[in-house]
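Enquirer: Mind having a look at this structure? Questions to follow.
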Amino acid sequence: MYKNNITPTETHIVPKLETPIRLQEYGVGIFQAAPTKSALKKALKKNYITVNGVIATSATFINGGERICLSISEEVIPKRKLVFPLKVFFEDEYLAAIHKPAGILVSGNSFKTIANALAQNLKQSKLPDATIPQPVHRLDYATTGILLVGKTSSCIRELNKLFENRGVTKTYYAVTIGEMDEQGEITSEVDDKEAKSNYTVCESVHSERFEKLNLVKLEPQTGRRHQLRKHLAAIGNPILGDKEYGIENLVLNGKGLYLHAYSLEFKHPFTKEEVFLKDELPQRFKKIFDKA
């Protein structure tokens, strides 16, 4: 970020490409001042980006060899530096996986975000298109668990494609309230879009306050916002601690949301190895079911 009234310029020379690619896809991660997909779109909309001296738009394609420039004015240097240690599960030159704690946003305009804490927790990639590490998917503010991060421009693009094409198998665990079938499929729409989640009840315990609590394995087949929370609430089994979609008199205040992103499985976009990453269940989950 930069002081007021300074117009910085970042320049990127595009290497040889096998196929043309839209700038708003190619440009993710190549500029420090616009590292995310949303920031890049805003920069394009404000005419901050040129390709070979011509103002670029969301319709601009990159073929290889172009000179891309980003110029932004009236940005402000942050007065504080975020210090936030993160647990790193996996890291190579292309990508990393970290544990996201509850109570922090993955990205956005807030000062305290996972995105702002990544550079201090990960090693700088030595590859030619190394960039500021960026999360390639989201977890809710209150959700814990494994989060995948791209460390190079090309890897960020490829991981985004994997998620869009459902090439990543995601598994969550939640603690839910009430009687449930042993397993099932939920297909109710979320935000007027098709959504599908599979669930399996792994364990159930009696609860004086909630009558019954279930440890549920969840496998979302689509990636809608708040999908798992909405789906479980829709069948009458809200997630313990869910203040937004739970039953008002059954909210567990002060303990957070009992939803955990447990594992990710995918083919590494560059090494082509099958990758399986997991983040063990939090202790607060185990405490409930160890009593059984």
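Residues are referred to by chain and number: the chain letter is A, B, ... according to the order shown in the structure tokens, the number counts from 1 in that chain, and ligands are numbered separately from 1 in the order shown.
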Quick one: everything within 12 Å of Leu118 of chain A, counting only C-alpha atoms, minus sequence neighbours fewer than 4 positions away in the same chain. Send it as a count of residues only.

Expert: 32

Enquirer: Show which residues sit within 10 Å of Ile55 of chain A, as a ChimeraX atom specification. Count only C-alpha atoms, and ignore same-chain residues fewer than 6 positions away.

Expert: /A:44,46-49,68-70

Enquirer: Store the residues of this selection in a file with N, CA and C atoms, as a PDB file, in the first residue's frame.

Expert:
```
ATOM      1  N   LEU A  44      -9.501  -3.135 -12.546  1.00  0.00           N
ATOM      2  CA  LEU A  44      -9.910  -3.078 -13.952  1.00  0.00           C
ATOM      3  C   LEU A  44     -11.064  -2.099 -14.141  1.00  0.00           C
ATOM      4  N   LYS A  46     -11.761   0.463 -12.418  1.00  0.00           N
ATOM      5  CA  LYS A  46     -11.328   1.852 -12.215  1.00  0.00           C
ATOM      6  C   LYS A  46     -10.267   2.296 -13.229  1.00  0.00           C
ATOM      7  N   ASN A  47     -10.027   1.445 -14.242  1.00  0.00           N
ATOM      8  CA  ASN A  47      -9.063   1.765 -15.318  1.00  0.00           C
ATOM      9  C   ASN A  47      -7.636   1.935 -14.801  1.00  0.00           C
ATOM     10  N   TYR A  48      -7.271   1.174 -13.770  1.00  0.00           N
ATOM     11  CA  TYR A  48      -5.925   1.255 -13.209  1.00  0.00           C
ATOM     12  C   TYR A  48      -4.925   0.380 -13.973  1.00  0.00           C
ATOM     13  N   ILE A  49      -5.413  -0.502 -14.840  1.00  0.00           N
ATOM     14  CA  ILE A  49      -4.532  -1.477 -15.496  1.00  0.00           C
ATOM     15  C   ILE A  49      -4.458  -1.211 -16.995  1.00  0.00           C
ATOM     16  N   ILE A  68       2.046  -5.626 -18.773  1.00  0.00           N
ATOM     17  CA  ILE A  68       0.866  -5.233 -17.993  1.00  0.00           C
ATOM     18  C   ILE A  68       1.305  -4.284 -16.884  1.00  0.00           C
ATOM     19  N   CYS A  69       0.648  -3.137 -16.776  1.00  0.00           N
ATOM     20  CA  CYS A  69       0.994  -2.150 -15.751  1.00  0.00           C
ATOM     21  C   CYS A  69      -0.214  -1.854 -14.871  1.00  0.00           C
ATOM     22  N   LEU A  70       0.046  -1.735 -13.585  1.00  0.00           N
ATOM     23  CA  LEU A  70      -0.988  -1.352 -12.617  1.00  0.00           C
ATOM     24  C   LEU A  70      -0.555  -0.070 -11.935  1.00  0.00           C
TER      25      LEU A  70
END
```

Enquirer: Expressed in Å to a single decimal, how great is the separation between atom CA of Ala234 of chain A and atom CA of His260 of chain A?

Expert: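 Atom-to-atom, atom CA of Ala234 of chain A to atom CA of His260 of chain A, that is 19.2 Å.
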
Enquirer: Smallest atom-to-atom distance to Asn237 of chain A: which of A:Ala195, A:Cys202, A:Ala174, A:Val190, using only C-alpha atoms?

Expert: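 Answer, going by the shortest atom-to-atom distance: A:Ala174.
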
Enquirer: Pick out the residues sitting within 10 Å of Tyr94 of chain A, and hand them over as a PyMOL selection string; count only C-alpha atoms, and ignore anything fewer than 6 positions along from it in its own chain.

Expert: chain A and resi 124-127+129-130+133+149-156+268-271
